[in-house]
Amino acid sequence: MIGRLSGTLAEKNPPQILLDVHGIAYEVNVPMSTFYNLPAVGEPVTLFTHLVVREDAHLLFGFGSESERGAFRQLIKISGIGARTALSVLSGLSVAELAQAVASQEWGRLTRIPGIGKKTAERLLLELKDKLGADVTTGVGVHRPPPVSADVLNALVSLGYSDKEATHAVKELPEGLAVADGIRHALKMLAKA
């Protein structure tokens, strides 16, 4: 297994890069989150990698952080989720956003990623709940909302509010509200804004 590569960035053709390591050029597929943080061509770069060996190909995937590689590895363990789909998920959401979506069971965030439908999103949330939610959430400092907040957040998103608006409204809710009262309170705050 190739765990990490350090070398000179030779080419950038999203989602693939060419990494020159002492005269050997590796083709590495990277999520867009890693791609946007790469230095200019000719600069040194270090990537955490995961090698996928198939009957017809050996594919190398690179990540800017260990948490991103860990999330990728959890995603590809899920039945029906291949490396390309996992790369799409990490291109559409950061690890922190994915962990937050898993913690609050927000399938709507995942369906915005090309190739992810409602059923796949729900399966991802179910499969990742015990794996990604606890480990990565604490590792990246994502606050796990209580269940009432998650229900209120999902209700607001279903009503057409953006994730940003809904999250802001939920953060402002007083403690101890029931779901219905929380939704009412959040709607009042959003109406004032």
# chains A, B, ... in the order shown; residues from 1 in each chain; ligands from 1
call {"tool": "residues_around", "arguments": {"residues": "range 181-190 of chain A", "least_positions_apart": "6", "cutoff": "12 Å", "atoms": "only C-alpha atoms", "output": "PDB file with N, CA and C atoms, in the first residue's frame"}}
result
ATOM      1  N   PRO A 147     -30.900  16.054  19.045  1.00  0.00           N
ATOM      2  CA  PRO A 147     -31.901  15.575  18.088  1.00  0.00           C
ATOM      3  C   PRO A 147     -32.986  16.596  17.746  1.00  0.00           C
ATOM      4  N   VAL A 148     -33.428  17.402  18.713  1.00  0.00           N
ATOM      5  CA  VAL A 148     -34.459  18.407  18.431  1.00  0.00           C
ATOM      6  C   VAL A 148     -33.932  19.410  17.407  1.00  0.00           C
ATOM      7  N   SER A 149     -32.690  19.843  17.568  1.00  0.00           N
ATOM      8  CA  SER A 149     -32.101  20.793  16.617  1.00  0.00           C
ATOM      9  C   SER A 149     -32.023  20.185  15.224  1.00  0.00           C
ATOM     10  N   ALA A 150     -31.679  18.917  15.147  1.00  0.00           N
ATOM     11  CA  ALA A 150     -31.588  18.249  13.850  1.00  0.00           C
ATOM     12  C   ALA A 150     -32.955  18.196  13.177  1.00  0.00           C
ATOM     13  N   ASP A 151     -34.012  17.901  13.950  1.00  0.00           N
ATOM     14  CA  ASP A 151     -35.360  17.856  13.392  1.00  0.00           C
ATOM     15  C   ASP A 151     -35.807  19.233  12.909  1.00  0.00           C
ATOM     16  N   VAL A 152     -35.500  20.251  13.697  1.00  0.00           N
ATOM     17  CA  VAL A 152     -35.859  21.629  13.313  1.00  0.00           C
ATOM     18  C   VAL A 152     -35.091  22.020  12.051  1.00  0.00           C
ATOM     19  N   LEU A 153     -33.800  21.686  12.009  1.00  0.00           N
ATOM     20  CA  LEU A 153     -32.963  22.003  10.852  1.00  0.00           C
ATOM     21  C   LEU A 153     -33.519  21.330   9.590  1.00  0.00           C
ATOM     22  N   ASN A 154     -33.849  20.044   9.680  1.00  0.00           N
ATOM     23  CA  ASN A 154     -34.417  19.332   8.526  1.00  0.00           C
ATOM     24  C   ASN A 154     -35.742  19.937   8.083  1.00  0.00           C
ATOM     25  N   ALA A 155     -36.563  20.354   9.038  1.00  0.00           N
ATOM     26  CA  ALA A 155     -37.856  20.970   8.710  1.00  0.00           C
ATOM     27  C   ALA A 155     -37.648  22.283   7.955  1.00  0.00           C
ATOM     28  N   LEU A 156     -36.698  23.098   8.416  1.00  0.00           N
ATOM     29  CA  LEU A 156     -36.443  24.388   7.758  1.00  0.00           C
ATOM     30  C   LEU A 156     -35.900  24.194   6.344  1.00  0.00           C
ATOM     31  N   VAL A 157     -35.000  23.223   6.167  1.00  0.00           N
ATOM     32  CA  VAL A 157     -34.460  22.944   4.832  1.00  0.00           C
ATOM     33  C   VAL A 157     -35.573  22.439   3.917  1.00  0.00           C
ATOM     34  N   SER A 158     -36.469  21.603   4.460  1.00  0.00           N
ATOM     35  CA  SER A 158     -37.600  21.095   3.674  1.00  0.00           C
ATOM     36  C   SER A 158     -38.543  22.216   3.254  1.00  0.00           C
ATOM     37  N   LEU A 159     -38.600  23.268   4.069  1.00  0.00           N
ATOM     38  CA  LEU A 159     -39.449  24.410   3.742  1.00  0.00           C
ATOM     39  C   LEU A 159     -38.803  25.355   2.722  1.00  0.00           C
ATOM     40  N   GLY A 160     -37.559  25.073   2.345  1.00  0.00           N
ATOM     41  CA  GLY A 160     -36.919  25.864   1.299  1.00  0.00           C
ATOM     42  C   GLY A 160     -35.834  26.810   1.774  1.00  0.00           C
ATOM     43  N   TYR A 161     -35.541  26.826   3.063  1.00  0.00           N
ATOM     44  CA  TYR A 161     -34.459  27.680   3.547  1.00  0.00           C
ATOM     45  C   TYR A 161     -33.122  27.022   3.242  1.00  0.00           C
ATOM     46  N   SER A 162     -32.092  27.837   3.032  1.00  0.00           N
ATOM     47  CA  SER A 162     -30.763  27.283   2.747  1.00  0.00           C
ATOM     48  C   SER A 162     -30.191  26.668   4.017  1.00  0.00           C
ATOM     49  N   LYS A 164     -27.393  27.315   5.334  1.00  0.00           N
ATOM     50  CA  LYS A 164     -26.784  28.388   6.131  1.00  0.00           C
ATOM     51  C   LYS A 164     -27.842  29.103   6.978  1.00  0.00           C
ATOM     52  N   GLU A 165     -28.960  29.462   6.355  1.00  0.00           N
ATOM     53  CA  GLU A 165     -30.036  30.139   7.090  1.00  0.00           C
ATOM     54  C   GLU A 165     -30.599  29.240   8.187  1.00  0.00           C
ATOM     55  N   ALA A 166     -30.841  27.980   7.845  1.00  0.00           N
ATOM     56  CA  ALA A 166     -31.426  27.041   8.809  1.00  0.00           C
ATOM     57  C   ALA A 166     -30.481  26.799   9.979  1.00  0.00           C
ATOM     58  N   THR A 167     -29.196  26.610   9.687  1.00  0.00           N
ATOM     59  CA  THR A 167     -28.212  26.370  10.742  1.00  0.00           C
ATOM     60  C   THR A 167     -28.113  27.571  11.667  1.00  0.00           C
ATOM     61  N   HIS A 168     -28.109  28.780  11.101  1.00  0.00           N
ATOM     62  CA  HIS A 168     -28.040  30.001  11.916  1.00  0.00           C
ATOM     63  C   HIS A 168     -29.266  30.110  12.837  1.00  0.00           C
ATOM     64  N   ALA A 169     -30.442  29.820  12.296  1.00  0.00           N
ATOM     65  CA  ALA A 169     -31.672  29.902  13.087  1.00  0.00           C
ATOM     66  C   ALA A 169     -31.663  28.872  14.208  1.00  0.00           C
ATOM     67  N   VAL A 170     -31.193  27.661  13.923  1.00  0.00           N
ATOM     68  CA  VAL A 170     -31.164  26.590  14.933  1.00  0.00           C
ATOM     69  C   VAL A 170     -30.196  26.932  16.059  1.00  0.00           C
ATOM     70  N   LYS A 171     -29.075  27.575  15.715  1.00  0.00           N
ATOM     71  CA  LYS A 171     -28.097  27.952  16.741  1.00  0.00           C
ATOM     72  C   LYS A 171     -28.675  28.954  17.734  1.00  0.00           C
ATOM     73  N   GLU A 172     -29.635  29.751  17.279  1.00  0.00           N
ATOM     74  CA  GLU A 172     -30.236  30.787  18.120  1.00  0.00           C
ATOM     75  C   GLU A 172     -31.378  30.277  19.000  1.00  0.00           C
ATOM     76  N   LEU A 173     -31.769  29.018  18.838  1.00  0.00           N
ATOM     77  CA  LEU A 173     -32.889  28.475  19.607  1.00  0.00           C
ATOM     78  C   LEU A 173     -32.538  28.330  21.082  1.00  0.00           C
ATOM     79  N   PRO A 174     -33.473  28.674  21.968  1.00  0.00           N
ATOM     80  CA  PRO A 174     -33.234  28.425  23.389  1.00  0.00           C
ATOM     81  C   PRO A 174     -33.259  26.926  23.688  1.00  0.00           C
ATOM     82  N   GLU A 175     -32.601  26.532  24.765  1.00  0.00           N
ATOM     83  CA  GLU A 175     -32.541  25.122  25.158  1.00  0.00           C
ATOM     84  C   GLU A 175     -33.907  24.613  25.613  1.00  0.00           C
TER      85      GLU A 175
END
call {"tool": "select_by_dssp", "arguments": {"residues": "chain A", "states": "strand (DSSP E or B)", "output": "PyMOL selection string"}}
result
chain A and resi 4-13+16-21+24-29+44-53+58-63
call {"tool": "closest_residue", "arguments": {"among": "A:Leu59, A:Glu68, A:Pro114, A:Gln74", "to": "Ala96 in chain A", "atoms": "only C-alpha atoms"}}
result
A:Glu68
call {"tool": "closest_residue", "arguments": {"among": "A:Met32, A:Val21, A:Ala99, A:Leu124", "to": "Ile76 in chain A", "atoms": "only C-alpha atoms"}}
result
A:Leu124
call {"tool": "atom_distance", "arguments": {"atom1": "CA of Thr111 in chain A", "atom2": "CA of Val95 in chain A"}}
result
16.0 Å
call {"tool": "atom_distance", "arguments": {"atom1": "CA of Val53 in chain A", "atom2": "CA of Val41 in chain A"}}
result
27.7 Å
call {"tool": "closest_residue", "arguments": {"among": "A:Gly64, A:Pro39, A:Pro31, A:Gly117", "to": "Ala83 in chain A", "atoms": "only C-alpha atoms"}}
result
A:Pro31
call {"tool": "atom_distance", "arguments": {"atom1": "CA of Thr85 in chain A", "atom2": "CA of Leu47 in chain A"}}
result
19.8 Å
call {"tool": "closest_residue", "arguments": {"among": "A:Ser67, A:Ala103, A:Ala25, A:Ser6", "to": "Asp130 in chain A", "atoms": "only C-alpha atoms"}}
result
A:Ala103
call {"tool": "residues_around", "arguments": {"residues": "Lys77 in chain A", "least_positions_apart": "3", "cutoff": "12 Å", "atoms": "only C-alpha atoms", "output": "list in words"}}
result
Gly70, Ala71, Phe72, Arg73, Gln74, Gly80, Ile81, Gly82, Ala83, Thr85, Ala86, Leu124, Glu127, Leu128, Lys131 and Leu132 of chain A
call {"tool": "write_last_selection", "arguments": {"atoms": "C-alpha atoms", "output": "short mmCIF file (atom, residue, chain, number, x, y, z; two decimals), in the first residue's frame"}}
result
data_model
loop_
_atom_site.label_atom_id
_atom_site.label_comp_id
_atom_site.auth_asym_id
_atom_site.auth_seq_id
_atom_site.Cartn_x
_atom_site.Cartn_y
_atom_site.Cartn_z
CA GLY A 70 -10.15 8.39 6.55
CA ALA A 71 -13.55 9.63 5.35
CA PHE A 72 -12.78 8.28 1.85
CA ARG A 73 -11.93 4.86 3.31
CA GLN A 74 -15.18 4.79 5.30
CA GLY A 80 -22.52 0.23 -3.81
CA ILE A 81 -20.21 3.19 -3.18
CA GLY A 82 -17.12 3.07 -5.34
CA ALA A 83 -14.00 5.18 -5.26
CA THR A 85 -18.54 8.23 -5.89
CA ALA A 86 -16.56 8.66 -2.67
CA LEU A 124 -24.70 6.79 3.39
CA GLU A 127 -23.83 3.40 7.27
CA LEU A 128 -21.64 6.31 8.38
CA LYS A 131 -18.30 5.21 11.97
CA LEU A 132 -17.80 8.72 10.67
#
call {"tool": "residues_around", "arguments": {"residues": "Ala10 in chain A", "least_positions_apart": "6", "cutoff": "9 Å", "atoms": "only C-alpha atoms", "output": "list in words"}}
result
Ile17, Leu18, Leu19, Asp20, Ala25, Val41, Gly42 and Glu43 of chain A
call {"tool": "select_by_dssp", "arguments": {"residues": "range 15-139 of chain A", "states": "helix (DSSP H, G or I)", "output": "ChimeraX atom specification"}}
result
/A:32-35,66-76,83-92,95-104,107-111,118-128,132-139
call {"tool": "write_last_selection", "arguments": {"atoms": "C-alpha atoms", "output": "CSV table (one decimal), in the first residue's frame"}}
result
chain,number,residue,atom,x,y,z
A,32,MET,CA,-11.8,19.1,-5.5
A,33,SER,CA,-11.3,20.2,-1.8
A,34,THR,CA,-7.7,18.9,-2.1
A,35,PHE,CA,-7.3,20.2,-5.7
A,66,GLU,CA,-5.5,12.2,7.0
A,67,SER,CA,-9.1,12.9,8.0
A,68,GLU,CA,-10.1,13.3,4.4
A,69,ARG,CA,-8.4,10.0,3.5
A,70,GLY,CA,-10.2,8.4,6.5
A,71,ALA,CA,-13.5,9.6,5.3
A,72,PHE,CA,-12.8,8.3,1.8
A,73,ARG,CA,-11.9,4.9,3.3
A,74,GLN,CA,-15.2,4.8,5.3
A,75,LEU,CA,-17.2,5.8,2.2
A,76,ILE,CA,-15.7,3.0,0.0
A,83,ALA,CA,-14.0,5.2,-5.3
A,84,ARG,CA,-15.3,7.6,-7.9
A,85,THR,CA,-18.5,8.2,-5.9
A,86,ALA,CA,-16.6,8.7,-2.7
A,87,LEU,CA,-14.4,11.2,-4.5
A,88,SER,CA,-17.5,13.1,-5.6
A,89,VAL,CA,-18.8,13.2,-2.0
A,90,LEU,CA,-15.5,14.6,-0.8
A,91,SER,CA,-15.5,17.1,-3.7
A,92,GLY,CA,-19.0,18.3,-2.8
A,95,VAL,CA,-15.0,16.2,6.0
A,96,ALA,CA,-16.4,18.6,8.6
A,97,GLU,CA,-19.6,19.2,6.5
A,98,LEU,CA,-19.9,15.4,5.9
A,99,ALA,CA,-19.6,14.7,9.6
A,100,GLN,CA,-22.1,17.3,10.4
A,101,ALA,CA,-24.6,16.0,7.8
A,102,VAL,CA,-24.1,12.5,9.3
A,103,ALA,CA,-24.5,13.7,12.9
A,104,SER,CA,-27.7,15.6,12.1
A,107,TRP,CA,-29.8,13.6,3.5
A,108,GLY,CA,-30.6,16.8,1.6
A,109,ARG,CA,-27.0,18.0,1.7
A,110,LEU,CA,-25.8,14.8,0.1
A,111,THR,CA,-28.4,14.8,-2.7
A,118,LYS,CA,-32.2,10.2,-2.0
A,119,LYS,CA,-31.8,6.5,-1.4
A,120,THR,CA,-28.1,6.5,-1.7
A,121,ALA,CA,-27.9,9.6,0.6
A,122,GLU,CA,-30.0,7.8,3.2
A,123,ARG,CA,-27.9,4.7,3.0
A,124,LEU,CA,-24.7,6.8,3.4
A,125,LEU,CA,-26.1,8.5,6.5
A,126,LEU,CA,-27.1,5.1,8.0
A,127,GLU,CA,-23.8,3.4,7.3
A,128,LEU,CA,-21.6,6.3,8.4
A,132,LEU,CA,-17.8,8.7,10.7
A,133,GLY,CA,-20.1,10.7,13.0
A,134,ALA,CA,-18.3,10.0,16.3
A,135,ASP,CA,-14.7,9.7,15.2
A,136,VAL,CA,-14.4,12.5,12.6
A,137,THR,CA,-16.8,14.8,14.4
A,138,THR,CA,-14.6,15.0,17.5
A,139,GLY,CA,-11.5,15.0,15.3
